[in-house]
file upload02.tsv (TSV, C-alpha atoms)
chain	number	residue	atom	x	y	z
A	1	MET	CA	7.06	9.29	-19.22
A	2	LEU	CA	6.22	12.34	-17.13
A	3	LYS	CA	3.14	14.42	-17.93
A	4	ARG	CA	2.48	17.67	-16.11
A	5	SER	CA	-0.63	19.81	-16.15
A	6	TYR	CA	-0.05	23.14	-14.45
A	7	ALA	CA	-3.47	24.49	-15.41
A	8	ASP	CA	-5.22	21.87	-13.31
A	9	SER	CA	-4.86	21.11	-9.62
A	10	TYR	CA	-2.81	17.99	-10.18
A	11	TYR	CA	0.20	16.47	-11.87
A	12	LEU	CA	-0.21	13.21	-13.77
A	13	LEU	CA	2.67	10.77	-14.00
A	14	GLY	CA	1.93	8.07	-16.52
A	15	GLU	CA	2.43	4.33	-16.13
A	16	GLY	CA	6.03	3.63	-17.01
A	17	SER	CA	9.33	2.14	-15.98
A	18	GLN	CA	11.35	2.48	-12.80
A	19	LYS	CA	13.62	4.90	-14.65
A	20	SER	CA	10.73	7.33	-15.03
A	21	ILE	CA	10.30	7.30	-11.27
A	22	GLU	CA	13.94	8.00	-10.58
A	23	ALA	CA	14.01	10.74	-13.23
A	24	ALA	CA	11.09	12.71	-11.81
A	25	GLY	CA	13.41	15.21	-10.20
A	26	ILE	CA	11.10	18.17	-10.66
A	27	PHE	CA	9.00	16.92	-7.74
A	28	LYS	CA	11.94	16.33	-5.39
A	29	SER	CA	11.42	17.67	-1.91
A	30	ARG	CA	13.86	20.21	-0.60
A	31	LYS	CA	16.03	18.77	2.18
A	32	LEU	CA	17.06	20.86	5.12
A	33	SER	CA	20.72	21.73	5.30
A	34	GLU	CA	22.66	21.04	8.49
A	35	GLY	CA	22.62	24.71	9.35
A	36	GLU	CA	18.84	24.82	9.20
A	37	ILE	CA	18.20	21.80	11.41
A	38	SER	CA	18.52	23.74	14.64
A	39	LEU	CA	16.01	26.29	13.36
A	40	ILE	CA	13.12	23.79	13.20
A	41	LYS	CA	10.33	24.91	15.49
A	42	ILE	CA	7.44	22.67	16.35
A	43	PRO	CA	4.11	24.52	16.41
A	44	LYS	CA	1.54	23.73	19.06
A	45	VAL	CA	-1.32	23.64	16.55
A	46	GLN	CA	-1.58	22.59	12.91
A	47	LYS	CA	-3.83	22.60	9.87
A	48	GLY	CA	-5.85	19.58	8.93
A	49	LEU	CA	-8.92	18.27	7.14
A	50	VAL	CA	-11.55	16.83	9.48
A	51	VAL	CA	-14.87	15.03	9.51
A	52	SER	CA	-17.03	17.39	11.58
A	53	THR	CA	-20.27	15.44	11.03
A	54	PHE	CA	-21.34	12.62	8.74
A	55	GLU	CA	-23.70	14.96	6.88
A	56	ARG	CA	-21.32	17.83	6.10
A	57	ASP	CA	-18.38	18.01	3.70
A	58	LEU	CA	-14.85	17.58	5.00
A	59	ALA	CA	-13.90	20.76	6.86
A	60	PHE	CA	-10.68	22.75	7.20
A	61	ALA	CA	-9.30	23.09	10.74
A	62	SER	CA	-6.40	25.26	11.88
A	63	ASP	CA	-6.29	24.41	15.58
A	64	LEU	CA	-5.47	20.71	15.69
A	65	PRO	CA	-2.91	19.90	18.41
A	66	VAL	CA	0.67	18.89	17.58
A	67	LYS	CA	2.20	16.40	20.00
A	68	GLN	CA	5.06	18.04	21.89
A	69	HIS	CA	6.35	15.18	24.05
A	70	LEU	CA	7.03	12.01	22.12
A	71	LYS	CA	7.18	8.47	23.48
A	72	GLU	CA	10.60	6.83	23.36
A	73	TYR	CA	10.29	5.23	19.90
A	74	GLU	CA	8.09	7.85	18.27
A	75	ILE	CA	9.03	10.32	15.56
A	76	LEU	CA	7.20	13.45	14.43
A	77	VAL	CA	6.91	13.61	10.64
A	78	GLN	CA	6.12	16.77	8.71
A	79	ASN	CA	3.93	15.48	5.90
A	80	LYS	CA	4.83	16.55	2.37
A	81	TYR	CA	2.52	14.20	0.47
A	82	VAL	CA	-0.41	12.02	1.53
A	83	GLY	CA	-1.80	8.98	-0.24
A	84	LEU	CA	-5.53	8.51	-0.81
A	85	ASN	CA	-7.42	5.26	-0.24
A	86	HIS	CA	-11.02	4.20	-0.69
A	87	VAL	CA	-11.48	3.86	3.07
A	88	ASP	CA	-10.91	7.62	3.37
A	89	TRP	CA	-14.21	8.41	1.66
A	90	LYS	CA	-16.09	5.20	2.46
A	91	SER	CA	-15.70	5.56	6.24
A	92	LYS	CA	-17.53	8.89	6.16
A	93	LYS	CA	-20.15	7.95	3.57
A	94	TYR	CA	-21.02	4.62	5.19
A	95	ARG	CA	-20.33	5.72	8.78
A	96	PHE	CA	-17.71	3.28	10.05
A	97	ASN	CA	-14.32	3.62	11.77
A	98	ILE	CA	-15.23	7.13	12.94
A	99	TYR	CA	-15.76	7.33	16.70
A	100	SER	CA	-15.95	11.03	17.56
A	101	PHE	CA	-15.97	14.50	16.01
A	102	PRO	CA	-13.89	16.16	14.74
A	103	TRP	CA	-12.27	13.08	13.21
A	104	ILE	CA	-9.10	12.95	11.11
A	105	ASN	CA	-8.73	10.41	8.33
A	106	GLY	CA	-5.68	9.60	6.19
A	107	ARG	CA	-3.70	6.38	6.46
A	108	GLU	CA	-0.42	7.01	4.62
A	109	SER	CA	2.04	9.79	3.91
A	110	SER	CA	5.63	10.76	3.19
A	111	GLY	CA	7.66	13.58	4.67
A	112	ILE	CA	10.63	14.50	6.84
A	113	VAL	CA	11.52	13.68	10.43
A	114	ILE	CA	11.55	16.81	12.61
A	115	ARG	CA	11.56	15.36	16.15
A	116	ARG	CA	12.54	12.05	17.75
A	117	GLY	CA	11.82	10.15	20.94
A	118	SER	CA	14.64	9.17	23.30
A	119	LYS	CA	15.17	5.64	21.90
A	120	VAL	CA	14.84	6.38	18.19
A	121	ASP	CA	17.79	5.17	16.10
A	122	THR	CA	19.45	8.50	15.29
A	123	GLN	CA	21.65	7.03	12.55
A	124	LYS	CA	18.66	5.60	10.74
A	125	PHE	CA	16.48	8.66	11.37
A	126	PRO	CA	18.54	11.85	11.51
A	127	ILE	CA	16.60	15.08	11.63
A	128	SER	CA	15.32	15.85	8.09
A	129	ALA	CA	15.43	12.17	7.06
A	130	GLU	CA	12.93	11.46	4.28
A	131	VAL	CA	10.47	8.76	5.29
A	132	PHE	CA	7.09	7.22	4.49
A	133	LEU	CA	4.57	5.43	6.66
A	134	ALA	CA	1.31	3.47	6.86
A	135	SER	CA	-0.94	4.33	9.77
A	136	THR	CA	-2.86	1.18	10.68
A	137	SER	CA	-3.80	2.42	14.16
A	138	TYR	CA	-6.80	4.39	12.91
A	139	ARG	CA	-8.23	5.07	16.40
A	140	ASP	CA	-5.16	7.16	17.28
A	141	LEU	CA	-5.66	10.49	15.52
A	142	GLU	CA	-2.04	11.52	16.11
A	143	THR	CA	-1.12	8.90	13.50
A	144	SER	CA	-3.64	10.15	10.90
A	145	THR	CA	-2.20	11.86	7.84
A	146	PHE	CA	-4.77	14.42	6.66
A	147	GLN	CA	-2.89	16.98	8.74
A	148	GLU	CA	0.47	18.72	8.64
A	149	TYR	CA	2.23	16.50	11.19
A	150	THR	CA	1.95	12.80	11.99
A	151	VAL	CA	3.33	10.86	14.96
A	152	PHE	CA	4.33	7.23	14.48
A	153	ASP	CA	6.50	4.46	15.93
A	154	SER	CA	9.89	4.80	14.21
A	155	ARG	CA	10.31	1.01	14.15
A	156	LEU	CA	7.38	0.88	11.72
A	157	VAL	CA	8.52	3.67	9.39
A	158	TRP	CA	10.42	3.31	6.10
A	159	LYS	CA	13.29	5.52	4.98
A	160	LEU	CA	13.44	6.36	1.30
A	161	PRO	CA	15.45	3.49	-0.24
A	162	GLN	CA	18.81	4.16	-1.83
A	163	TYR	CA	21.25	2.32	-4.05
A	164	ARG	CA	24.91	2.91	-4.85
A	165	LEU	CA	25.96	4.30	-8.22
A	166	PRO	CA	29.12	3.07	-10.00
A	167	ASN	CA	30.93	6.19	-8.75
A	168	GLY	CA	30.13	5.21	-5.16
A	169	ARG	CA	27.48	7.86	-4.53
A	170	LEU	CA	24.10	6.94	-3.07
A	171	HIS	CA	20.99	7.68	-5.11
A	172	LYS	CA	17.33	7.44	-4.14
A	173	ARG	CA	15.24	4.72	-5.77
A	174	PHE	CA	12.23	7.05	-5.80
A	175	ASP	CA	11.12	10.29	-4.22
A	176	LEU	CA	8.55	11.41	-1.66
A	177	GLU	CA	5.64	11.73	-4.08
A	178	PHE	CA	5.88	8.05	-5.03
A	179	ALA	CA	6.56	6.99	-1.43
A	180	ALA	CA	3.36	8.61	-0.12
A	181	GLY	CA	1.19	6.03	-1.87
A	182	VAL	CA	3.09	2.92	-0.81
A	183	GLY	CA	2.13	2.28	2.81
A	184	VAL	CA	-1.44	0.98	2.94
A	185	GLY	CA	-1.22	-1.15	-0.19
A	186	LEU	CA	2.10	-2.67	0.83
A	187	VAL	CA	1.11	-3.46	4.43
A	188	THR	CA	-2.19	-4.98	3.30
A	189	ALA	CA	-0.41	-7.06	0.66
A	190	GLY	CA	2.21	-8.16	3.18
A	191	SER	CA	-0.45	-9.18	5.70
A	192	ALA	CA	-2.21	-11.21	2.99
A	193	ILE	CA	0.91	-13.00	1.74
A	194	SER	CA	2.05	-13.67	5.31
A	195	SER	CA	-1.23	-15.51	5.92
A	196	LEU	CA	-0.25	-17.95	3.16
A	197	VAL	CA	3.50	-18.41	3.53
A	198	ASP	CA	6.37	-17.55	5.85
A	199	LEU	CA	8.23	-14.78	4.02
A	200	SER	CA	11.23	-15.15	6.32
A	201	LEU	CA	12.06	-18.44	4.57
A	202	ARG	CA	12.78	-16.79	1.21
A	203	ASP	CA	16.51	-16.54	1.93
A	204	GLN	CA	16.86	-20.27	2.62
A	205	ALA	CA	18.38	-21.85	-0.45
A	206	ASP	CA	16.68	-25.23	0.09
A	207	HIS	CA	13.07	-24.11	0.41
A	208	GLN	CA	10.70	-25.68	-2.09
A	209	LYS	CA	8.09	-23.92	-4.17
A	210	LEU	CA	4.67	-24.46	-2.66
A	211	GLY	CA	2.39	-24.38	-5.70
A	212	ASN	CA	0.48	-21.90	-7.83
A	213	ILE	CA	-1.31	-18.75	-6.68
A	214	VAL	CA	-4.18	-16.74	-8.19
A	215	ILE	CA	-4.46	-13.04	-7.35
A	216	TRP	CA	-7.86	-11.57	-8.20
A	217	GLY	CA	-7.64	-7.80	-8.55
A	218	GLY	CA	-4.06	-7.47	-9.70
A	219	SER	CA	-4.34	-3.87	-10.89
A	220	SER	CA	-5.51	-2.55	-7.51
A	221	SER	CA	-2.89	-0.90	-5.32
A	222	VAL	CA	-2.94	-3.93	-3.01
A	223	GLY	CA	-2.79	-6.35	-5.91
A	224	LEU	CA	0.24	-4.65	-7.44
A	225	TYR	CA	2.19	-5.21	-4.22
A	226	VAL	CA	0.87	-8.76	-3.75
A	227	ILE	CA	2.29	-9.64	-7.18
A	228	GLN	CA	5.71	-8.22	-6.30
A	229	LEU	CA	5.87	-9.83	-2.85
A	230	ALA	CA	4.79	-13.18	-4.29
A	231	LYS	CA	7.52	-12.94	-6.93
A	232	ALA	CA	10.19	-11.86	-4.43
A	233	SER	CA	9.27	-14.69	-2.04
A	234	LYS	CA	10.35	-17.29	-4.63
A	235	MET	CA	7.74	-19.64	-3.13
A	236	PHE	CA	5.22	-19.94	-5.95
A	237	GLU	CA	5.50	-21.90	-9.18
A	238	LYS	CA	3.15	-19.63	-11.12
A	239	ILE	CA	1.60	-16.28	-10.23
A	240	VAL	CA	-1.72	-16.04	-12.07
A	241	VAL	CA	-3.35	-12.60	-12.03
A	242	VAL	CA	-6.98	-11.77	-12.84
A	243	SER	CA	-7.13	-8.17	-14.03
A	244	ALA	CA	-8.06	-5.88	-16.89
A	245	SER	CA	-6.00	-7.00	-19.89
A	246	LYS	CA	-4.96	-3.40	-20.67
A	247	HIS	CA	-2.46	-3.64	-17.80
A	248	LYS	CA	-0.95	-6.92	-19.02
A	249	GLU	CA	2.51	-5.60	-19.88
A	250	TYR	CA	2.87	-3.75	-16.57
A	251	LEU	CA	1.70	-6.72	-14.46
A	252	LEU	CA	4.04	-9.10	-16.25
A	253	GLU	CA	6.89	-6.68	-15.60
A	254	LEU	CA	6.08	-6.75	-11.88
A	255	GLY	CA	6.24	-10.54	-11.73
A	256	ALA	CA	2.97	-12.09	-12.90
A	257	SER	CA	3.32	-15.35	-14.84
A	258	CYS	CA	0.15	-14.79	-16.85
A	259	ILE	CA	-2.81	-12.40	-16.98
A	260	ILE	CA	-6.44	-13.54	-17.11
A	261	ASP	CA	-8.86	-10.93	-18.47
A	262	ARG	CA	-11.41	-10.21	-15.75
A	263	HIS	CA	-14.00	-9.11	-18.34
A	264	GLN	CA	-14.50	-12.69	-19.50
A	265	SER	CA	-17.34	-14.87	-18.27
A	266	GLU	CA	-16.90	-16.96	-15.12
A	267	GLU	CA	-16.57	-20.12	-17.20
A	268	GLU	CA	-14.01	-18.55	-19.53
A	269	ILE	CA	-11.93	-17.31	-16.58
A	270	LEU	CA	-11.96	-20.76	-14.99
A	271	ASP	CA	-11.00	-22.46	-18.26
A	272	ASP	CA	-8.26	-19.91	-18.90
A	273	ILE	CA	-6.71	-20.43	-15.47
A	274	LEU	CA	-6.82	-24.22	-15.74
A	275	SER	CA	-5.22	-24.09	-19.19
A	276	HIS	CA	-2.27	-22.20	-17.70
A	277	CYS	CA	-2.18	-24.36	-14.55
A	278	PRO	CA	-3.47	-27.87	-15.36
A	279	GLU	CA	-1.82	-29.09	-12.16
A	280	GLY	CA	-4.22	-26.92	-10.15
A	281	ILE	CA	-4.18	-23.86	-7.91
A	282	ASP	CA	-3.18	-24.04	-4.25
A	283	PHE	CA	-3.39	-20.43	-3.06
A	284	GLY	CA	-5.66	-17.50	-3.71
A	285	ILE	CA	-5.84	-13.85	-2.69
A	286	ASP	CA	-8.98	-11.87	-3.45
A	287	VAL	CA	-8.81	-8.07	-3.40
A	288	ILE	CA	-12.21	-7.25	-4.94
A	289	SER	CA	-15.42	-8.63	-3.37
A	290	LYS	CA	-17.30	-11.53	-1.80
A	291	GLU	CA	-18.48	-12.50	-5.28
A	292	THR	CA	-14.98	-12.78	-6.74
A	293	ALA	CA	-13.81	-14.57	-3.59
A	294	THR	CA	-16.57	-17.13	-4.19
A	295	LEU	CA	-15.30	-17.65	-7.74
A	296	LEU	CA	-11.82	-18.19	-6.34
A	297	THR	CA	-13.12	-21.00	-4.12
A	298	LYS	CA	-14.39	-22.75	-7.26
A	299	ILE	CA	-11.00	-22.32	-8.91
A	300	LEU	CA	-9.12	-23.60	-5.88
A	301	GLN	CA	-11.22	-26.74	-5.44
A	302	ASN	CA	-10.29	-28.06	-8.90
A	303	ASN	CA	-7.74	-30.82	-9.51
A	304	ASN	CA	-5.07	-31.63	-6.90
A	305	GLU	CA	-5.64	-32.76	-3.32
A	306	ASN	CA	-3.36	-30.32	-1.52
A	307	VAL	CA	-4.41	-28.04	1.31
A	308	LYS	CA	-5.97	-24.95	-0.28
A	309	LYS	CA	-5.64	-21.48	1.24
A	310	LEU	CA	-7.66	-18.39	0.36
A	311	VAL	CA	-7.13	-14.91	1.81
A	312	CYS	CA	-10.00	-12.44	1.45
A	313	ILE	CA	-9.18	-8.74	1.79
A	314	VAL	CA	-12.67	-7.32	1.19
A	315	GLY	CA	-15.13	-10.00	2.31
A	316	VAL	CA	-15.45	-13.72	3.06
A	317	PRO	CA	-17.66	-15.65	0.62
A	318	GLN	CA	-20.75	-17.59	1.57
A	319	ILE	CA	-19.72	-21.13	0.73
A	320	ALA	CA	-22.40	-23.75	0.16
A	321	THR	CA	-21.59	-27.42	0.71
A	322	GLU	CA	-22.53	-28.30	-2.86
A	323	LEU	CA	-19.78	-25.98	-4.11
A	324	PHE	CA	-17.23	-28.72	-3.50
A	325	GLU	CA	-16.95	-32.02	-5.31
A	326	LYS	CA	-18.21	-34.91	-3.21
A	327	ASN	CA	-15.00	-36.89	-3.56
A	328	SER	CA	-12.64	-33.95	-3.12
A	329	LYS	CA	-9.92	-34.54	-0.54
A	330	SER	CA	-8.81	-30.92	-0.45
A	331	LYS	CA	-8.72	-29.09	2.86
A	332	PHE	CA	-9.87	-25.48	2.60
A	333	ILE	CA	-8.56	-22.67	4.80
A	334	ILE	CA	-10.11	-19.22	4.39
A	335	GLU	CA	-8.70	-16.20	6.22
A	336	THR	CA	-9.26	-12.47	6.34
A	337	VAL	CA	-6.51	-9.86	6.54
A	338	ASN	CA	-5.68	-8.34	9.91
A	339	ILE	CA	-3.89	-5.15	8.87
A	340	LYS	CA	-3.72	-4.01	12.52
A	341	ARG	CA	-1.14	-6.72	13.17
A	342	PHE	CA	1.38	-4.33	11.63
A	343	HIS	CA	1.33	-2.01	14.67
A	344	GLU	CA	-0.03	-4.38	17.32
A	345	ASP	CA	2.78	-6.91	16.76
A	346	VAL	CA	5.79	-4.59	16.59
A	347	ALA	CA	8.18	-7.51	16.06
A	348	PHE	CA	6.31	-8.49	12.90
A	349	GLY	CA	5.82	-4.90	11.77
A	350	SER	CA	9.46	-3.92	12.17
A	351	TRP	CA	10.59	-7.14	10.49
A	352	PHE	CA	8.29	-6.39	7.55
A	353	VAL	CA	9.63	-2.83	7.23
A	354	ASN	CA	13.22	-4.11	7.19
A	355	TYR	CA	12.36	-6.93	4.78
A	356	THR	CA	10.60	-4.69	2.27
A	357	SER	CA	13.26	-1.99	2.65
A	358	ARG	CA	15.83	-4.49	1.35
A	359	LEU	CA	13.53	-5.34	-1.54
A	360	PHE	CA	13.15	-1.65	-2.41
A	361	GLU	CA	16.90	-1.10	-2.21
A	362	THR	CA	17.64	-4.00	-4.56
A	363	GLY	CA	14.89	-3.07	-7.01
A	364	GLN	CA	12.79	-6.19	-6.34
A	365	LEU	CA	9.96	-3.99	-5.05
A	366	LYS	CA	8.79	-0.79	-6.72
A	367	PRO	CA	6.10	1.80	-6.03
A	368	ILE	CA	3.15	2.16	-8.35
A	369	THR	CA	4.45	3.92	-11.45
A	370	ALA	CA	1.24	5.68	-12.53
A	371	LEU	CA	0.77	8.55	-10.12
A	372	LYS	CA	-1.82	11.31	-10.10
A	373	ILE	CA	-0.81	14.19	-7.83
A	374	PHE	CA	-3.43	16.66	-6.63
A	375	LYS	CA	-2.26	20.04	-5.38
A	376	SER	CA	-3.94	22.00	-2.60
A	377	LEU	CA	-2.45	25.31	-3.81
A	378	ASP	CA	-3.14	27.91	-1.09
A	379	ASN	CA	-6.10	26.07	0.45
A	380	PHE	CA	-5.06	23.23	2.75
A	381	GLY	CA	-7.13	20.15	2.08
A	382	GLU	CA	-8.60	21.15	-1.29
A	383	GLY	CA	-6.38	18.64	-3.06
A	384	ILE	CA	-7.50	15.92	-0.66
A	385	LYS	CA	-11.18	16.67	-1.29
A	386	SER	CA	-10.68	16.77	-5.07
A	387	GLY	CA	-8.73	13.52	-5.05
A	388	LEU	CA	-11.25	11.68	-2.85
A	389	LYS	CA	-14.11	12.81	-5.07
A	390	GLU	CA	-12.39	11.48	-8.17
A	391	LEU	CA	-11.38	8.26	-6.39
A	392	GLU	CA	-15.02	7.65	-5.43
A	393	GLU	CA	-16.51	8.57	-8.80
A	394	ARG	CA	-13.89	7.17	-11.19
A	395	GLY	CA	-11.72	4.85	-9.15
A	396	ALA	CA	-8.07	4.05	-9.76
A	397	SER	CA	-6.75	1.18	-11.86
A	398	ALA	CA	-3.02	0.44	-11.75
A	399	GLU	CA	-2.49	3.99	-10.51
A	400	LYS	CA	-2.24	5.86	-7.22
A	401	PHE	CA	-3.77	9.16	-6.11
A	402	VAL	CA	-1.48	11.36	-4.01
A	403	VAL	CA	-1.89	14.88	-2.64
A	404	SER	CA	0.89	17.45	-2.33
A	405	LEU	CA	0.61	19.44	0.88
call {"tool": "encode", "arguments": {"input": "upload02.tsv", "output": "structure tokens"}}
result
Amino acid sequence: MLKRSYADSYYLLGEGSQKSIEAAGIFKSRKLSEGEISLIKIPKVQKGLVVSTFERDLAFASDLPVKQHLKEYEILVQNKYVGLNHVDWKSKKYRFNIYSFPWINGRESSGIVIRRGSKVDTQKFPISAEVFLASTSYRDLETSTFQEYTVFDSRLVWKLPQYRLPNGRLHKRFDLEFAAGVGVGLVTAGSAISSLVDLSLRDQADHQKLGNIVIWGGSSSVGLYVIQLAKASKMFEKIVVVSASKHKEYLLELGASCIIDRHQSEEEILDDILSHCPEGIDFGIDVISKETATLLTKILQNNNENVKKLVCIVGVPQIATELFEKNSKSKFIIETVNIKRFHEDVAFGSWFVNYTSRLFETGQLKPITALKIFKSLDNFGEGIKSGLKELEERGASAEKFVVSL
């Protein structure tokens, strides 16, 4: 279902099916025709939204440089939409990951390719190709997305996925507005899952299922992609998700085996999980906090004697010795997510892009269906500021905030 509010500064696309995504044609970006490609001119400066000081509001800038000479694998993307993440407001408010002024935030976007380096695959990335990206190299401001143009390694960039219709024509799975909010959540989820299992084994017919997994924070943007990647991997017996029960139908559709209401008491949550998985839990991914990660350690240490693995995206819990049963033979491995691996290890990053591209193309992976789109109208950056304010004050649950540039 598509809801539009022209009186406000945003569009709201409600939680729904994949068909609603593919039918949202009113937001489709205009593609350049072949005759227009040669007319593309790259400006030397661009508009952007910057952190000028920690104390002041985000500021408009019109003189940010545009990279003119690309490295061999780089592409220059003209951003059409940008996705918003909590780190975009937290880094300024709590003064981290900002190393100089003016600073440019923004970690994900979608848009069109307007320039290529000498070794870029021209068949995969023709001029005007529609793409989306996740900028994990936050120290490099050329890769930031709260600006008109972003530079990134083409080997780490997704093209909009397509599938073939019965008449032979290719059709996009989803459009740029949905693509803009994919990158950070998907890369974080992929890094988390890859810490537990080897995703490259999914295509081997003889691989065995490794046990049950609990995902705490299933309705977060990261959690929604963790569920789908866990399902697509075919490596888990049961995918147990702790989340608000109001999203139950949506999470089950994405691949969850069962939903545990996070509003229950700690004891009720533990009992509920064990009733669904009396054989025990072997893997856990926490997306919420140190406190919920600590609860996951209690859940994991119950029952079987397998090696237990926990991945913490927000914080590692303080684990006291008395937390574990004296006679427990379980081995506990706790890891944090290294999202920077995506760009630092190009072999892994490019493999992950290709792997998830196939999942998108076959419909095994889908963008978040509830989308709130903020518009900047004639003032560049106003939509970003409005969206970040709402994200901080209200948060997002099973939905994604995106800004149209």
call {"tool": "residues_around", "arguments": {"input": "upload02.tsv", "residues": "Ala232 of chain A", "least_positions_apart": "4", "cutoff": "8 Å", "atoms": "all atoms listed in the file", "output": "number ranges by chain"}}
result
A: 202, 228, 359, 364-365
call {"tool": "residues_around", "arguments": {"input": "upload02.tsv", "residues": "segment 284-296 of chain A", "least_positions_apart": "4", "cutoff": "8 Å", "atoms": "all atoms listed in the file", "output": "number ranges by chain"}}
result
A: 192, 213-218, 220, 222-223, 266, 300, 309-319
call {"tool": "atom_distance", "arguments": {"input": "upload02.tsv", "atom1": "atom CA of Gln123 of chain A", "atom2": "atom CA of Arg155 of chain A"}}
result
12.9 Å
call {"tool": "residues_around", "arguments": {"input": "upload02.tsv", "residues": "segment 84-88 of chain A", "least_positions_apart": "2", "cutoff": "10 Å", "atoms": "all atoms listed in the file", "output": "ChimeraX atom specification"}}
result
/A:81-82,90-94,96-97,104-109,145-146,180-181,184-185,221,384-385,387-388,391-392,395-396,400-403
call {"tool": "residues_around", "arguments": {"input": "upload02.tsv", "residues": "Leu270 of chain A", "least_positions_apart": "6", "cutoff": "12 Å", "atoms": "only C-alpha atoms", "output": "list in words"}}
result
Val214, Val240, Val242, Ile260, Asp261, Arg262, Gln264, His276, Cys277, Pro278, Gly280, Ile281, Thr292, Leu295, Leu296, Thr297, Lys298, Ile299, Leu300, Gln301 and Asn302 of chain A
call {"tool": "atom_distance", "arguments": {"input": "upload02.tsv", "atom1": "atom CA of Phe152 of chain A", "atom2": "atom CA of Trp103 of chain A"}}
result
17.6 Å
call {"tool": "atom_distance", "arguments": {"input": "upload02.tsv", "atom1": "atom CA of Leu199 of chain A", "atom2": "atom CA of Ser275 of chain A"}}
result
28.4 Å
call {"tool": "closest_residue", "arguments": {"input": "upload02.tsv", "among": "A:Tyr250, A:Glu279, A:Thr369, A:Leu196", "to": "Lys308 of chain A", "atoms": "all atoms listed in the file"}}
result
A:Leu196
call {"tool": "residues_around", "arguments": {"input": "upload02.tsv", "residues": "Ser110 of chain A", "least_positions_apart": "2", "cutoff": "10 Å", "atoms": "all atoms listed in the file", "output": "ChimeraX atom specification"}}
result
/A:77-83,108,112-113,130-134,145,150,157-160,175-183,404
